[in-house]
Amino acid sequence: MSSKCLIAWSVAGFLMLAPALLLAEPGKDSQPQAAGEEIGQPEQETRQNPPVPKFPIEGDLAGRLGVMTTEFEDTFAAIGNQNSLGYLELVKANPDVDPWLPGEGTAITVPRRYVLPDVERKGIVINLAEYRLYYFSDGGVQVYPVGVGTEDNPSPLTDAEVTMALESPAWYPPASIRAEYEAMGEYLPRMIPPGPGNPLGTHALMLSERGYLIHGTNKLFGVGMQVSHGCFRMYNEDISRFVYEVSKGTSVRVIREPVKIGMRGNEVWLEVHRPEEDYSAEDREELWQAVLAKVEIFREQRPAVEVQRSAIEEAVDLADGLPRMIGEQLTRVADENASPGRSTPDGKGIPQQLWF
């Protein structure tokens, strides 16, 4: 049975619902009803790190790539925490850099350009394939790294909404997680209070998908990776701001989209994500087939688009999550002198040049 990330009851809520817990079917995890204290006014700003930028949306793209120079003691885990970036997205974007010892004065790519997921742009969208959370508001988008569920305890693909924002949550581990610890010879108490040892971190967002939350963490390492029992982990510094930006009822859509394609002006952009740091031949073949299918559908919907096979192959070969321009939409109006192979903007009258 898949274990879920269950959170704390408030004292009052726990006392009211204790009889129901005692009557719950043996061996099944109880569903959470309340947790911690609902947030009030924003706390005084204590974080020294800059907030996550809100990027304007340009067609189907947002953001921009950056470059930073490392210091001797830097690691990708620390850089990620300080700059709201996931560990794996840094590793994939910088394949020739040692993530644990980049060294003094090493230039690394800051992967903050995105092809937006192919879903409605509202509220929260979490793409499991890229370990990122997109928050759409006021015509812009903020992008946060998130830790997601493992293969044994996957995060759900769902359409949900935020039901409550919490600060200083306690954690009541479900029976399934306590059993995992017991099997390893470790003891996990029925309740872990707020504080440095609490895996829910400083703040949490409860979701209508019962048993799942967006929450902080007490671990520096793991955000932007496949590590949780199904919940969505954010850096404490991010969630402590995020809970005050998101209102009750905000939509939360969870998808799995390793291949994203979109337009910016007349440019066609492709973004491909391999599932792990290592990249097997099987993973590459699976992604190649997914890219072929997605590009074909994209071109059917836009007959005036031409793409380059070499650019697509490079995107699949690397699968590093960095957007690449792979083609363009033709804008020239055809006339009697137009050469075959070019298409009119509406795709009629002239054969389309094959992209293969």
# chains A, B, ... in the order shown; residues from 1 in each chain; ligands from 1
call {"tool": "residues_around", "arguments": {"residues": "segment 163-168 of chain A", "least_positions_apart": "2", "cutoff": "10 Å", "atoms": "only C-alpha atoms", "output": "MDAnalysis selection string"}}
result
chainID A and resid 8 34:40 160:161 170:171 193:195 198 200:209 213:216 239:240 242:244 246:251
call {"tool": "write_last_selection", "arguments": {"atoms": "N, CA and C atoms", "output": "short mmCIF file (atom, residue, chain, number, x, y, z; two decimals), in the first residue's frame"}}
result
data_model
loop_
_atom_site.label_atom_id
_atom_site.label_comp_id
_atom_site.auth_asym_id
_atom_site.auth_seq_id
_atom_site.Cartn_x
_atom_site.Cartn_y
_atom_site.Cartn_z
N ALA A 8 0.29 16.77 10.99
CA ALA A 8 -0.13 16.82 12.37
C ALA A 8 -1.55 17.27 12.57
N ALA A 34 -6.78 18.05 9.92
CA ALA A 34 -6.26 19.37 10.28
C ALA A 34 -4.81 19.23 10.66
N ALA A 35 -4.08 20.34 10.68
CA ALA A 35 -2.67 20.23 11.01
C ALA A 35 -2.12 21.58 11.44
N GLY A 36 -1.44 21.59 12.58
CA GLY A 36 -0.74 22.79 13.01
C GLY A 36 -1.64 23.99 13.17
N GLU A 37 -1.05 25.16 13.08
CA GLU A 37 -1.78 26.41 13.22
C GLU A 37 -1.94 27.07 11.85
N GLU A 38 -3.15 27.52 11.55
CA GLU A 38 -3.36 28.23 10.30
C GLU A 38 -2.62 29.55 10.37
N ILE A 39 -2.00 29.94 9.25
CA ILE A 39 -1.16 31.13 9.26
C ILE A 39 -1.99 32.38 9.44
N GLY A 40 -1.36 33.39 10.05
CA GLY A 40 -2.00 34.69 10.19
C GLY A 40 -1.31 35.71 9.32
N ALA A 160 -6.32 19.26 -7.84
CA ALA A 160 -6.71 19.51 -6.46
C ALA A 160 -6.74 21.01 -6.21
N GLU A 161 -6.83 21.38 -4.94
CA GLU A 161 -6.75 22.79 -4.57
C GLU A 161 -6.19 22.91 -3.17
N ALA A 170 3.16 20.03 13.27
CA ALA A 170 3.69 18.79 13.83
C ALA A 170 3.37 17.68 12.84
N TRP A 171 4.01 16.53 13.02
CA TRP A 171 3.81 15.43 12.07
C TRP A 171 3.40 14.17 12.80
N PRO A 193 7.05 16.78 17.01
CA PRO A 193 6.61 18.17 17.20
C PRO A 193 7.33 19.11 16.26
N PRO A 194 6.84 20.35 16.15
CA PRO A 194 7.55 21.35 15.34
C PRO A 194 8.97 21.54 15.85
N GLY A 195 9.86 21.85 14.93
CA GLY A 195 11.24 22.08 15.31
C GLY A 195 12.20 21.55 14.28
N ASN A 198 11.67 18.09 12.56
CA ASN A 198 10.40 17.79 11.90
C ASN A 198 10.59 17.78 10.39
N LEU A 200 8.49 18.05 8.10
CA LEU A 200 7.59 18.94 7.37
C LEU A 200 8.11 20.37 7.32
N GLY A 201 9.23 20.64 7.99
CA GLY A 201 9.79 21.98 7.93
C GLY A 201 8.96 23.00 8.68
N THR A 202 9.03 24.23 8.23
CA THR A 202 8.43 25.34 8.98
C THR A 202 7.00 25.64 8.59
N HIS A 203 6.60 25.32 7.35
CA HIS A 203 5.27 25.67 6.85
C HIS A 203 4.77 24.56 5.92
N ALA A 204 3.46 24.57 5.69
CA ALA A 204 2.88 23.57 4.80
C ALA A 204 1.59 24.10 4.19
N LEU A 205 1.26 23.59 3.02
CA LEU A 205 -0.03 23.84 2.38
C LEU A 205 -0.77 22.51 2.32
N MET A 206 -1.94 22.44 2.95
CA MET A 206 -2.77 21.25 2.84
C MET A 206 -3.51 21.27 1.51
N LEU A 207 -3.68 20.10 0.93
CA LEU A 207 -4.34 19.96 -0.36
C LEU A 207 -5.63 19.16 -0.21
N SER A 208 -6.54 19.38 -1.16
CA SER A 208 -7.78 18.61 -1.16
C SER A 208 -7.54 17.15 -1.54
N GLU A 209 -6.41 16.84 -2.16
CA GLU A 209 -6.00 15.45 -2.39
C GLU A 209 -5.54 14.92 -1.04
N LEU A 213 0.60 17.01 0.88
CA LEU A 213 0.86 18.40 1.18
C LEU A 213 2.01 18.93 0.33
N ILE A 214 2.09 20.24 0.28
CA ILE A 214 3.29 20.95 -0.16
C ILE A 214 3.89 21.50 1.12
N HIS A 215 5.12 21.11 1.45
CA HIS A 215 5.65 21.48 2.76
C HIS A 215 7.15 21.72 2.69
N GLY A 216 7.68 22.25 3.79
CA GLY A 216 9.11 22.47 3.91
C GLY A 216 9.83 21.17 4.24
N ILE A 239 9.04 27.91 1.07
CA ILE A 239 7.67 27.68 1.54
C ILE A 239 7.26 28.75 2.55
N SER A 240 8.23 29.28 3.32
CA SER A 240 7.88 30.29 4.31
C SER A 240 7.40 31.58 3.67
N PHE A 242 6.07 31.35 0.32
CA PHE A 242 5.03 30.90 -0.61
C PHE A 242 3.66 30.80 0.05
N VAL A 243 3.62 30.36 1.30
CA VAL A 243 2.31 30.18 1.95
C VAL A 243 1.55 31.50 2.08
N TYR A 244 2.25 32.62 2.08
CA TYR A 244 1.58 33.91 2.19
C TYR A 244 1.16 34.47 0.83
N VAL A 246 -0.14 32.29 -1.60
CA VAL A 246 -1.16 31.38 -2.13
C VAL A 246 -2.40 31.43 -1.25
N SER A 247 -3.54 31.61 -1.85
CA SER A 247 -4.79 31.69 -1.09
C SER A 247 -5.51 30.34 -1.09
N LYS A 248 -6.40 30.18 -0.12
CA LYS A 248 -7.24 28.99 -0.05
C LYS A 248 -8.06 28.88 -1.33
N GLY A 249 -8.15 27.70 -1.87
CA GLY A 249 -8.89 27.49 -3.11
C GLY A 249 -8.04 27.55 -4.36
N THR A 250 -6.75 27.92 -4.22
CA THR A 250 -5.86 27.95 -5.39
C THR A 250 -5.77 26.55 -6.00
N SER A 251 -5.91 26.47 -7.31
CA SER A 251 -5.86 25.17 -7.97
C SER A 251 -4.45 24.60 -7.94
#
call {"tool": "residues_around", "arguments": {"residues": "segment 230-234 of chain A", "least_positions_apart": "3", "cutoff": "9 Å", "atoms": "only C-alpha atoms", "output": "ChimeraX atom specification"}}
result
/A:2-6,84,126,144-150,153-156,200-201,211-217,222-224,227,237-239
call {"tool": "closest_residue", "arguments": {"among": "A:Pro95, A:Gly103, A:Pro56, A:Pro174", "to": "Ser137 of chain A", "atoms": "only C-alpha atoms"}}
result
A:Pro56
